>>> print(open('data.txt').read())   # compact mmCIF, C-alpha atoms and all ligand atoms
# COMPACT_ATOMS: atom_id res chain seq x y z
CA MET A 1 93.19 80.76 102.70
CA THR A 2 89.52 80.77 101.63
CA ALA A 3 88.71 82.39 98.28
CA ALA A 4 87.60 86.01 98.48
CA ARG A 5 83.87 86.56 97.92
CA HIS A 6 83.59 88.89 94.92
CA PHE A 7 80.47 90.78 93.82
CA LEU A 8 80.98 91.31 90.10
CA SER A 9 77.40 90.44 89.21
CA LEU A 10 74.18 89.75 91.09
CA SER A 11 74.62 86.05 90.26
CA ASP A 12 77.82 85.96 92.33
CA ALA A 13 75.56 86.35 95.37
CA GLY A 14 72.43 84.56 94.09
CA GLY A 15 68.77 84.99 95.00
CA ASP A 16 68.96 83.82 98.63
CA ALA A 17 71.86 86.12 99.49
CA ILE A 18 70.15 89.05 97.76
CA THR A 19 67.02 88.38 99.83
CA ALA A 20 69.20 88.39 102.97
CA MET A 21 70.90 91.62 101.83
CA LEU A 22 67.55 93.37 101.38
CA ALA A 23 66.32 92.25 104.81
CA ASP A 24 69.55 93.37 106.49
CA ALA A 25 69.49 96.71 104.65
CA LEU A 26 65.92 97.39 105.77
CA ASP A 27 66.74 96.46 109.39
CA ARG A 28 69.84 98.65 109.46
CA LYS A 29 68.04 101.55 107.76
CA THR A 30 65.26 101.40 110.37
CA ALA A 31 67.59 100.90 113.34
CA ARG A 32 69.72 103.95 112.63
CA ARG A 33 66.88 106.40 111.95
CA GLY A 34 67.66 109.75 113.59
CA LEU A 35 71.43 109.20 113.84
CA PRO A 36 73.77 111.66 112.09
CA ARG A 37 74.76 110.19 108.73
CA GLY A 38 78.39 109.68 109.63
CA ALA A 39 77.65 107.95 112.96
CA ALA A 40 78.28 104.21 113.10
CA ASP A 41 75.55 101.59 113.46
CA ASN A 42 75.35 100.17 117.00
CA ASP A 43 77.25 96.98 116.13
CA ALA A 44 79.85 98.68 113.86
CA PRO A 45 80.49 95.32 112.14
CA LEU A 46 83.32 96.56 109.89
CA ALA A 47 85.29 98.42 112.58
CA GLY A 48 88.91 98.60 111.49
CA HIS A 49 88.13 97.63 107.87
CA VAL A 50 89.13 99.76 104.89
CA LEU A 51 87.49 99.91 101.45
CA GLY A 52 89.56 101.02 98.43
CA LEU A 53 87.24 102.76 95.97
CA VAL A 54 88.85 102.87 92.54
CA PHE A 55 87.28 105.06 89.86
CA GLU A 56 88.11 105.08 86.17
CA LYS A 57 84.83 106.90 85.46
CA SER A 58 82.94 109.76 87.13
CA SER A 59 80.60 109.19 90.07
CA THR A 60 78.59 111.07 92.67
CA ARG A 61 76.21 108.52 94.25
CA THR A 62 78.49 105.49 94.18
CA ARG A 63 81.43 107.39 95.56
CA VAL A 64 79.56 109.08 98.41
CA SER A 65 77.32 106.11 99.27
CA PHE A 66 80.22 103.65 99.58
CA ASP A 67 82.16 106.09 101.75
CA ILE A 68 79.18 106.76 104.03
CA ALA A 69 78.29 103.04 104.07
CA MET A 70 81.77 102.22 105.38
CA ARG A 71 81.55 104.95 108.05
CA GLN A 72 78.18 103.59 109.19
CA LEU A 73 79.62 100.07 109.36
CA GLY A 74 82.44 101.41 111.54
CA GLY A 75 85.13 101.29 108.82
CA THR A 76 86.69 103.77 106.43
CA ALA A 77 87.04 104.23 102.66
CA LEU A 78 89.83 105.56 100.47
CA VAL A 79 88.83 107.10 97.15
CA LEU A 80 91.39 106.32 94.43
CA ASP A 81 90.72 108.21 91.21
CA SER A 82 92.64 106.63 88.36
CA ALA A 83 93.75 110.08 87.20
CA THR A 84 95.72 110.59 90.41
CA THR A 85 96.97 107.02 90.91
CA GLN A 86 99.54 104.98 88.99
CA LEU A 87 96.66 103.05 87.39
CA GLY A 88 96.08 106.20 85.33
CA ARG A 89 99.72 106.10 84.19
CA GLY A 90 99.50 102.50 83.01
CA GLU A 91 100.30 100.39 86.08
CA SER A 92 98.68 97.02 85.44
CA ILE A 93 95.44 95.83 87.02
CA LYS A 94 97.32 92.69 88.05
CA ASP A 95 99.88 94.63 90.11
CA THR A 96 97.27 97.06 91.43
CA ALA A 97 95.23 94.07 92.67
CA ARG A 98 98.21 92.55 94.47
CA VAL A 99 99.27 95.85 96.07
CA LEU A 100 95.78 96.90 97.22
CA SER A 101 95.21 93.37 98.62
CA ARG A 102 98.06 94.05 101.08
CA MET A 103 96.62 97.43 102.12
CA VAL A 104 92.81 97.33 102.18
CA ASP A 105 90.16 94.76 103.12
CA VAL A 106 87.85 95.15 100.11
CA ILE A 107 88.09 96.90 96.73
CA ALA A 108 85.35 98.45 94.55
CA LEU A 109 86.12 99.29 90.93
CA ARG A 110 84.19 101.47 88.47
CA THR A 111 85.58 101.06 84.99
CA ASP A 112 84.72 100.60 81.31
CA ASP A 113 85.60 97.09 80.14
CA HIS A 114 84.04 94.43 82.38
CA ALA A 115 87.12 92.25 81.81
CA LYS A 116 89.06 94.71 83.98
CA VAL A 117 86.96 94.05 87.07
CA GLU A 118 87.26 90.31 86.38
CA GLU A 119 91.04 90.63 86.13
CA LEU A 120 91.16 92.64 89.36
CA ALA A 121 89.13 89.93 91.12
CA HIS A 122 91.35 87.22 89.68
CA TYR A 123 94.53 88.71 91.15
CA ALA A 124 93.10 90.19 94.38
CA ASP A 125 93.15 88.28 97.66
CA VAL A 126 90.36 90.49 99.05
CA PRO A 127 86.76 90.82 97.80
CA VAL A 128 86.21 92.94 94.68
CA ILE A 129 82.93 94.77 94.04
CA ASN A 130 81.77 95.90 90.59
CA SER A 131 80.66 99.49 91.07
CA LEU A 132 79.70 99.82 87.36
CA THR A 133 81.23 98.57 84.13
CA ASP A 134 80.03 98.92 80.55
CA LEU A 135 78.33 95.55 81.06
CA SER A 136 76.53 95.88 84.39
CA HIS A 137 75.74 97.83 87.57
CA PRO A 138 74.76 95.26 90.23
CA CYS A 139 75.07 97.60 93.27
CA GLN A 140 72.51 99.91 91.68
CA ILE A 141 70.02 97.11 91.30
CA VAL A 142 70.32 95.97 94.93
CA ALA A 143 69.34 99.56 95.83
CA ASP A 144 66.48 99.50 93.30
CA LEU A 145 65.14 96.22 94.72
CA LEU A 146 65.39 97.70 98.22
CA THR A 147 63.36 100.74 97.09
CA VAL A 148 60.68 98.39 95.75
CA VAL A 149 60.47 96.05 98.76
CA GLU A 150 60.45 98.87 101.28
CA ARG A 151 57.18 100.00 99.67
CA GLY A 152 55.73 96.59 100.39
CA LYS A 153 55.90 95.23 96.85
CA PRO A 154 57.07 91.59 96.82
CA LEU A 155 59.65 90.75 94.14
CA PRO A 156 58.27 87.42 92.88
CA GLY A 157 55.66 88.28 90.28
CA LEU A 158 56.57 92.00 90.18
CA GLN A 159 56.03 93.61 86.76
CA VAL A 160 58.83 95.92 85.72
CA ALA A 161 58.81 98.03 82.54
CA TRP A 162 62.16 99.25 81.22
CA LEU A 163 61.90 102.03 78.66
CA GLY A 164 64.84 103.08 76.53
CA ASP A 165 68.44 102.08 76.02
CA GLY A 166 69.58 98.48 76.48
CA ASN A 167 72.52 99.38 78.70
CA ASN A 168 74.56 98.23 81.71
CA VAL A 169 71.82 99.06 84.23
CA LEU A 170 69.24 97.12 82.22
CA TYR A 171 71.60 94.14 82.10
CA SER A 172 71.53 93.98 85.92
CA VAL A 173 67.73 94.46 86.01
CA ILE A 174 67.39 91.48 83.66
CA GLU A 175 69.80 89.41 85.74
CA ALA A 176 67.77 90.25 88.87
CA ALA A 177 64.56 89.12 87.12
CA GLY A 178 66.02 85.63 86.78
CA LEU A 179 67.32 85.50 90.34
CA MET A 180 64.29 87.02 92.06
CA GLN A 181 61.61 85.64 89.68
CA PHE A 182 59.96 88.75 88.32
CA THR A 183 58.78 90.06 84.96
CA VAL A 184 60.62 92.66 82.91
CA ARG A 185 59.12 94.09 79.73
CA VAL A 186 61.82 95.97 77.87
CA ALA A 187 60.80 98.55 75.26
CA SER A 188 63.73 99.63 73.11
CA PRO A 189 64.14 100.68 69.49
CA ALA A 190 65.65 98.18 67.04
CA GLY A 191 69.41 98.06 67.44
CA TYR A 192 69.42 99.45 70.99
CA GLY A 193 67.80 96.58 72.90
CA PRO A 194 69.47 94.13 75.28
CA ASP A 195 71.64 91.25 74.17
CA GLU A 196 69.44 88.23 73.34
CA ALA A 197 71.76 85.85 75.20
CA VAL A 198 71.37 87.89 78.41
CA VAL A 199 67.58 87.75 78.11
CA ALA A 200 67.63 83.99 77.42
CA LEU A 201 69.87 83.36 80.44
CA ALA A 202 67.53 85.26 82.79
CA ASN A 203 64.52 83.40 81.40
CA ARG A 204 66.22 80.04 81.89
CA ALA A 205 66.84 81.08 85.52
CA GLY A 206 63.11 81.69 86.10
CA GLY A 207 62.68 85.30 85.04
CA ASN A 208 60.08 86.44 82.54
CA VAL A 209 61.87 88.93 80.28
CA THR A 210 60.37 90.07 77.00
CA VAL A 211 61.51 92.71 74.53
CA THR A 212 59.15 94.87 72.49
CA ALA A 213 59.43 97.93 70.29
CA ASP A 214 56.14 99.27 71.72
CA PRO A 215 56.53 101.36 74.90
CA GLN A 216 52.80 101.10 75.64
CA ILE A 217 52.92 97.30 75.74
CA ALA A 218 55.83 97.49 78.18
CA ALA A 219 54.20 100.06 80.47
CA LYS A 220 50.71 98.51 80.64
CA GLY A 221 50.01 97.19 84.15
CA ALA A 222 53.59 97.72 85.37
CA ASP A 223 54.36 98.00 89.09
CA VAL A 224 57.65 99.75 88.38
CA VAL A 225 58.70 101.86 85.39
CA ILE A 226 62.44 102.36 84.96
CA THR A 227 64.59 104.25 82.54
CA ASP A 228 68.17 105.51 82.33
CA THR A 229 70.21 107.95 80.30
CA TRP A 230 70.31 107.47 76.53
CA THR A 231 74.04 108.23 76.52
CA SER A 232 76.05 106.26 79.06
CA MET A 233 79.54 107.24 80.20
CA GLY A 234 82.09 106.56 77.48
CA GLN A 235 79.50 106.79 74.67
CA SER A 236 79.26 109.70 72.25
CA HIS A 237 76.06 111.75 72.08
CA GLU A 238 74.70 110.31 68.79
CA GLU A 239 71.84 112.19 67.12
CA GLN A 240 70.65 109.02 65.37
CA LYS A 241 70.37 107.15 68.67
CA LEU A 242 68.57 110.04 70.39
CA ARG A 243 66.05 110.17 67.51
CA ALA A 244 65.45 106.41 67.72
CA LEU A 245 64.92 106.61 71.50
CA ALA A 246 62.60 109.66 71.47
CA PRO A 247 59.36 107.57 71.39
CA PHE A 248 60.60 105.67 74.46
CA GLN A 249 60.65 108.72 76.75
CA VAL A 250 58.80 108.10 80.04
CA THR A 251 55.84 110.49 79.93
CA ALA A 252 52.78 111.05 82.13
CA ASN A 253 50.65 109.35 79.44
CA LEU A 254 52.85 106.28 79.60
CA MET A 255 52.74 106.26 83.43
CA ARG A 256 48.93 106.27 83.22
CA LEU A 257 49.12 102.86 81.50
CA ALA A 258 51.01 101.44 84.47
CA ARG A 259 49.29 100.53 87.76
CA PRO A 260 47.94 103.55 89.66
CA ASP A 261 50.52 102.93 92.43
CA ALA A 262 53.40 102.32 89.99
CA MET A 263 56.82 103.60 91.02
CA PHE A 264 59.14 105.51 88.69
CA LEU A 265 62.84 104.66 89.15
CA HIS A 266 65.99 106.10 87.57
CA CYS A 267 69.53 105.36 88.78
CA LEU A 268 70.55 108.99 88.09
CA PRO A 269 72.08 111.17 86.79
CA ALA A 270 68.95 112.01 84.78
CA HIS A 271 68.60 114.02 81.61
CA VAL A 272 65.15 115.43 82.21
CA GLY A 273 63.51 116.19 78.86
CA GLU A 274 65.31 113.26 77.18
CA GLU A 275 64.56 109.86 78.76
CA VAL A 276 61.91 111.26 81.15
CA THR A 277 59.63 114.29 81.22
CA GLU A 278 59.87 116.75 84.09
CA ASP A 279 56.33 116.04 85.35
CA VAL A 280 57.15 112.34 85.81
CA PHE A 281 60.61 112.96 87.28
CA GLU A 282 59.25 115.48 89.81
CA GLY A 283 55.86 113.77 90.22
CA ALA A 284 54.31 111.79 93.09
CA GLN A 285 55.24 108.41 91.59
CA SER A 286 58.92 109.26 91.32
CA CYS A 287 61.05 107.44 93.92
CA VAL A 288 64.42 108.46 92.51
CA PHE A 289 65.77 110.18 95.62
CA ASP A 290 64.78 107.29 97.93
CA GLU A 291 66.50 105.08 95.36
CA ALA A 292 69.64 107.25 95.53
CA GLU A 293 69.68 107.17 99.35
CA ASN A 294 69.19 103.42 99.28
CA ARG A 295 72.57 103.06 97.59
CA ILE A 296 74.02 103.53 101.09
CA HIS A 297 71.81 100.92 102.78
CA ALA A 298 72.09 98.39 99.93
CA GLN A 299 75.86 98.67 99.69
CA LYS A 300 76.26 98.10 103.42
CA SER A 301 74.70 94.68 102.86
CA VAL A 302 76.87 94.02 99.81
CA LEU A 303 79.99 94.89 101.83
CA LEU A 304 78.87 92.67 104.73
CA TRP A 305 78.14 89.78 102.36
CA CYS A 306 81.54 90.12 100.67
CA LEU A 307 83.28 90.07 104.05
CA GLY A 308 81.28 87.10 105.38
CA LYS A 309 79.50 89.21 107.98
CA LEU A 310 75.94 89.17 106.68
CA ALA A 311 73.76 87.07 108.98
CA ALA A 312 72.49 83.83 107.37
CA THR A 313 75.04 84.01 104.52
CA SER A 314 78.36 84.04 106.42
N1 LIG B 401 73.65 105.80 89.85
C1 LIG B 401 74.98 105.96 89.96
O1 LIG B 401 75.75 104.97 89.92
O2 LIG B 401 75.38 107.24 90.11
P1 LIG B 401 76.86 107.81 90.06
O3 LIG B 401 77.34 107.66 88.64
O4 LIG B 401 76.75 109.23 90.48
O5 LIG B 401 77.72 106.99 90.98
N1 LIG B 402 74.10 103.82 82.20
C1 LIG B 402 74.73 104.88 82.95
C2 LIG B 402 74.60 104.65 84.41
C3 LIG B 402 75.18 105.73 85.27
C4 LIG B 402 75.07 105.44 86.72
C5 LIG B 402 76.19 104.97 82.57
O1 LIG B 402 76.84 103.92 82.43
O2 LIG B 402 76.68 106.08 82.39
>>> encode(input="data.txt", output="structure tokens")
Amino acid sequence: MTAARHFLSLSDAGGDAITAMLADALDRKTARRGLPRGAADNDAPLAGHVLGLVFEKSSTRTRVSFDIAMRQLGGTALVLDSATTQLGRGESIKDTARVLSRMVDVIALRTDDHAKVEELAHYADVPVINSLTDLSHPCQIVADLLTVVERGKPLPGLQVAWLGDGNNVLYSVIEAAGLMQFTVRVASPAGYGPDEAVVALANRAGGNVTVTADPQIAAKGADVVITDTWTSMGQSHEEQKLRALAPFQVTANLMRLARPDAMFLHCLPAHVGEEVTEDVFEGAQSCVFDEAENRIHAQKSVLLWCLGKLAATS
């Protein structure tokens, strides 16, 4: 039996496969324009396939987009909230992996400790997808890259500014910079920036990632400005952290330092008034709802890649 193709990080796929995913996602998005959202794509490449969607944390976009993605690929999805499964009562990841491998064709897990998704992949015979851990959120970044390329911005040489917390979403942005050869300028307060080893790894891979404490330096000339919540799931709402992050809020003044056609991205859910002002969030440069929709199109390509059905990467 060949080893299952897991997607725990963007590096599991690599730059060439991510390029193929983005092309396939754009083609499929264009080809199905006008169809009802639950209707299958013409080729229904995952007919008969089932995705098990396991959640140990809350979700709106990931949950709905994976379900709709499977319907559009001709398959189905089962949502398994840990609170209503035996996982929530202490059944091991190891046993859960071996049971689900006999029942579904692919598993996605949203959890806290990244080691859990690694353990699930280790014991599963079917592909495992990381649908967010405390370490990373690779599916989100495939959707973000899709949102950028569909506006005609090439990834190599792209200038991305990240403002705010050095969290799981940023980790995947930094990883993407190495794989797709773009620049990321991170502006975070001392103590809340990204792990130095993660930055060094992306730079060794060909990315250009720098970290500054000055939001203006990060934003100047950026093609894309990104932020995320200051309090991720599982973290407590700390006053000290919120005070430290306040100067890193994405404001209209900051957006004016970026390129005139700069895009504003946010994975959502947003806390408007904290990490971003309302005028930016609701403004003409905000692409956050295209980005949310693109979770469907991006994840279709991730699913196809995992199951060896993505053209040019099978
Ligand atoms: N962006 C994202 O992953 O959203 P959900 O938490 O709603 O899935
Ligand atoms: N950083 C956020 C992302 C939510 C999609 C969190 O982990 O809660």
>>> residues_near_ligand(input="data.txt", ligand="ligand LIG 401 (chain B)", cutoff="7 Å", atoms="all atoms listed in the file", output="list in words")
Ser58, Ser59, Thr60, Arg61, Thr62, Arg63, Leu132, Gln140, Cys267, Leu268 and Pro269 of chain A
>>> residues_near_ligand(input="data.txt", ligand="ligand LIG 402 (chain B)", cutoff="7 Å", atoms="all atoms listed in the file", output="MDAnalysis selection string")
chainID A and resid 134 167:169 228:229 231:233 267:269
>>> atom_distance(input="data.txt", atom1="CA of Ser131 in chain A", atom2="CA of Val250 in chain A")
26.0 Å
>>> atom_distance(input="data.txt", atom1="CA of Val276 in chain A", atom2="CA of Leu170 in chain A")
16.0 Å
>>> closest_atom_pairs(input="data.txt", of="range 122-191 of chain A", to="range 210-218 of chain A", cutoff="9 Å", atoms="only C-alpha atoms", output="JSON lines")
{"residue": "A:Val160", "atom": "CA", "partner": "A:Ala218", "partner_atom": "CA", "distance": 8.3}
{"residue": "A:Ala161", "atom": "CA", "partner": "A:Ala218", "partner_atom": "CA", "distance": 5.3}
{"residue": "A:Trp162", "atom": "CA", "partner": "A:Ala218", "partner_atom": "CA", "distance": 7.2}
{"residue": "A:Leu163", "atom": "CA", "partner": "A:Pro215", "partner_atom": "CA", "distance": 6.6}
{"residue": "A:Gly164", "atom": "CA", "partner": "A:Pro215", "partner_atom": "CA", "distance": 8.6}
{"residue": "A:Thr183", "atom": "CA", "partner": "A:Thr210", "partner_atom": "CA", "distance": 8.1}
{"residue": "A:Val184", "atom": "CA", "partner": "A:Thr210", "partner_atom": "CA", "distance": 6.5}
{"residue": "A:Arg185", "atom": "CA", "partner": "A:Ala218", "partner_atom": "CA", "distance": 5.0}
{"residue": "A:Val186", "atom": "CA", "partner": "A:Val211", "partner_atom": "CA", "distance": 4.7}
{"residue": "A:Ala187", "atom": "CA", "partner": "A:Thr212", "partner_atom": "CA", "distance": 4.9}
{"residue": "A:Ser188", "atom": "CA", "partner": "A:Ala213", "partner_atom": "CA", "distance": 5.4}
{"residue": "A:Pro189", "atom": "CA", "partner": "A:Ala213", "partner_atom": "CA", "distance": 5.5}
{"residue": "A:Ala190", "atom": "CA", "partner": "A:Ala213", "partner_atom": "CA", "distance": 7.0}
>>> closest_residue(input="data.txt", among="A:Pro247, A:Lys29, A:Glu118, A:Gly38", to="Asp290 in chain A", atoms="all atoms listed in the file")
A:Lys29
>>> closest_residue(input="data.txt", among="A:Gly88, A:Pro45, A:Gly52, A:Pro138", to="Gly75 in chain A", atoms="only C-alpha atoms")
A:Pro45
>>> atom_distance(input="data.txt", atom1="CA of Ile93 in chain A", atom2="CA of Pro127 in chain A")
14.7 Å
>>> closest_residue(input="data.txt", among="A:Val104, A:Asp113, A:Trp230, A:Leu254", to="Val272 in chain A", atoms="all atoms listed in the file")
A:Trp230
>>> closest_residue(input="data.txt", among="A:Asp112, A:Glu119, A:Leu145, A:Ala292", to="Gly234 in chain A", atoms="only C-alpha atoms")
A:Asp112
>>> closest_residue(input="data.txt", among="A:Gln72, A:Gln235, A:Thr227, A:Ser9", to="His137 in chain A", atoms="only C-alpha atoms")
A:Ser9
>>> residues_near_point(input="data.txt", point="(68.3, 107.0, 69.0)", cutoff="12 Å", atoms="all atoms listed in the file", output="list in words")
Gly164, Asp165, Gly166, Ser188, Pro189, Ala190, Gly191, Tyr192, Gly193, Thr229, Trp230, Thr231, Ser236, His237, Glu238, Glu239, Gln240, Lys241, Leu242, Arg243, Ala244, Leu245, Ala246, Pro247, Phe248, Gln249, Glu274 and Glu275 of chain A
>>> axis_aligned_box(input="data.txt", around="range 266-276 of chain A", padding_each_side="6 Å", output="AutoDock Vina command-line options")
--center_x 67.0 --center_y 110.8 --center_z 83.0 --size_x 22.2 --size_y 22.8 --size_z 23.6
>>> closest_residue(input="data.txt", among="A:Pro260, A:Ala252, A:Val173, A:Ala47", to="Thr277 in chain A", atoms="only C-alpha atoms")
A:Ala252
>>> build_atoms(input="data.txt", residues="range 13-39 of chain A", atoms="N, CA and C atoms", output="PDB file, in the frame of the given file")
ATOM      1  N   ALA A  13      76.212  86.505  94.061  1.00  0.00           N
ATOM      2  CA  ALA A  13      75.560  86.350  95.370  1.00  0.00           C
ATOM      3  C   ALA A  13      74.431  85.337  95.267  1.00  0.00           C
ATOM      4  N   GLY A  14      73.583  85.457  94.242  1.00  0.00           N
ATOM      5  CA  GLY A  14      72.430  84.560  94.090  1.00  0.00           C
ATOM      6  C   GLY A  14      71.200  85.100  94.815  1.00  0.00           C
ATOM      7  N   GLY A  15      70.059  84.493  94.503  1.00  0.00           N
ATOM      8  CA  GLY A  15      68.770  84.990  95.000  1.00  0.00           C
ATOM      9  C   GLY A  15      68.663  84.982  96.519  1.00  0.00           C
ATOM     10  N   ASP A  16      69.126  83.899  97.168  1.00  0.00           N
ATOM     11  CA  ASP A  16      68.960  83.820  98.630  1.00  0.00           C
ATOM     12  C   ASP A  16      69.783  84.898  99.327  1.00  0.00           C
ATOM     13  N   ALA A  17      71.015  85.094  98.863  1.00  0.00           N
ATOM     14  CA  ALA A  17      71.860  86.120  99.490  1.00  0.00           C
ATOM     15  C   ALA A  17      71.295  87.517  99.226  1.00  0.00           C
ATOM     16  N   ILE A  18      70.736  87.725  98.042  1.00  0.00           N
ATOM     17  CA  ILE A  18      70.150  89.050  97.760  1.00  0.00           C
ATOM     18  C   ILE A  18      68.945  89.290  98.680  1.00  0.00           C
ATOM     19  N   THR A  19      68.151  88.252  98.899  1.00  0.00           N
ATOM     20  CA  THR A  19      67.020  88.380  99.830  1.00  0.00           C
ATOM     21  C   THR A  19      67.537  88.749 101.224  1.00  0.00           C
ATOM     22  N   ALA A  20      68.616  88.091 101.646  1.00  0.00           N
ATOM     23  CA  ALA A  20      69.200  88.390 102.970  1.00  0.00           C
ATOM     24  C   ALA A  20      69.759  89.813 103.003  1.00  0.00           C
ATOM     25  N   MET A  21      70.368  90.247 101.892  1.00  0.00           N
ATOM     26  CA  MET A  21      70.900  91.620 101.830  1.00  0.00           C
ATOM     27  C   MET A  21      69.777  92.643 102.004  1.00  0.00           C
ATOM     28  N   LEU A  22      68.654  92.398 101.330  1.00  0.00           N
ATOM     29  CA  LEU A  22      67.550  93.370 101.380  1.00  0.00           C
ATOM     30  C   LEU A  22      66.972  93.435 102.788  1.00  0.00           C
ATOM     31  N   ALA A  23      66.858  92.270 103.444  1.00  0.00           N
ATOM     32  CA  ALA A  23      66.320  92.250 104.810  1.00  0.00           C
ATOM     33  C   ALA A  23      67.267  92.985 105.759  1.00  0.00           C
ATOM     34  N   ASP A  24      68.557  92.733 105.615  1.00  0.00           N
ATOM     35  CA  ASP A  24      69.550  93.370 106.490  1.00  0.00           C
ATOM     36  C   ASP A  24      69.567  94.893 106.251  1.00  0.00           C
ATOM     37  N   ALA A  25      69.465  95.278 104.977  1.00  0.00           N
ATOM     38  CA  ALA A  25      69.490  96.710 104.650  1.00  0.00           C
ATOM     39  C   ALA A  25      68.291  97.422 105.271  1.00  0.00           C
ATOM     40  N   LEU A  26      67.131  96.782 105.183  1.00  0.00           N
ATOM     41  CA  LEU A  26      65.920  97.390 105.770  1.00  0.00           C
ATOM     42  C   LEU A  26      66.060  97.505 107.284  1.00  0.00           C
ATOM     43  N   ASP A  27      66.567  96.434 107.922  1.00  0.00           N
ATOM     44  CA  ASP A  27      66.740  96.460 109.390  1.00  0.00           C
ATOM     45  C   ASP A  27      67.697  97.568 109.794  1.00  0.00           C
ATOM     46  N   ARG A  28      68.833  97.637 109.093  1.00  0.00           N
ATOM     47  CA  ARG A  28      69.840  98.650 109.460  1.00  0.00           C
ATOM     48  C   ARG A  28      69.304 100.063 109.210  1.00  0.00           C
ATOM     49  N   LYS A  29      68.587 100.224 108.089  1.00  0.00           N
ATOM     50  CA  LYS A  29      68.040 101.550 107.760  1.00  0.00           C
ATOM     51  C   LYS A  29      67.087 101.996 108.869  1.00  0.00           C
ATOM     52  N   THR A  30      66.237 101.065 109.320  1.00  0.00           N
ATOM     53  CA  THR A  30      65.260 101.400 110.370  1.00  0.00           C
ATOM     54  C   THR A  30      65.973 101.673 111.697  1.00  0.00           C
ATOM     55  N   ALA A  31      66.945 100.809 112.024  1.00  0.00           N
ATOM     56  CA  ALA A  31      67.590 100.900 113.340  1.00  0.00           C
ATOM     57  C   ALA A  31      68.365 102.195 113.542  1.00  0.00           C
ATOM     58  N   ARG A  32      68.873 102.784 112.436  1.00  0.00           N
ATOM     59  CA  ARG A  32      69.720 103.950 112.630  1.00  0.00           C
ATOM     60  C   ARG A  32      68.974 105.274 112.375  1.00  0.00           C
ATOM     61  N   ARG A  33      67.669 105.187 112.203  1.00  0.00           N
ATOM     62  CA  ARG A  33      66.880 106.400 111.950  1.00  0.00           C
ATOM     63  C   ARG A  33      67.172 107.441 113.029  1.00  0.00           C
ATOM     64  N   GLY A  34      67.431 108.677 112.623  1.00  0.00           N
ATOM     65  CA  GLY A  34      67.660 109.750 113.590  1.00  0.00           C
ATOM     66  C   GLY A  34      69.126 109.975 113.904  1.00  0.00           C
ATOM     67  N   LEU A  35      69.989 109.013 113.579  1.00  0.00           N
ATOM     68  CA  LEU A  35      71.430 109.200 113.840  1.00  0.00           C
ATOM     69  C   LEU A  35      72.019 110.145 112.791  1.00  0.00           C
ATOM     70  N   PRO A  36      73.071 110.902 113.135  1.00  0.00           N
ATOM     71  CA  PRO A  36      73.770 111.660 112.090  1.00  0.00           C
ATOM     72  C   PRO A  36      74.327 110.689 111.055  1.00  0.00           C
ATOM     73  N   ARG A  37      74.436 111.131 109.818  1.00  0.00           N
ATOM     74  CA  ARG A  37      74.760 110.190 108.730  1.00  0.00           C
ATOM     75  C   ARG A  37      76.129 109.539 108.866  1.00  0.00           C
ATOM     76  N   GLY A  38      77.045 110.259 109.499  1.00  0.00           N
ATOM     77  CA  GLY A  38      78.390 109.680 109.630  1.00  0.00           C
ATOM     78  C   GLY A  38      78.573 108.830 110.873  1.00  0.00           C
ATOM     79  N   ALA A  39      77.532 108.758 111.720  1.00  0.00           N
ATOM     80  CA  ALA A  39      77.650 107.950 112.960  1.00  0.00           C
ATOM     81  C   ALA A  39      77.548 106.470 112.615  1.00  0.00           C
TER      82      ALA A  39
END
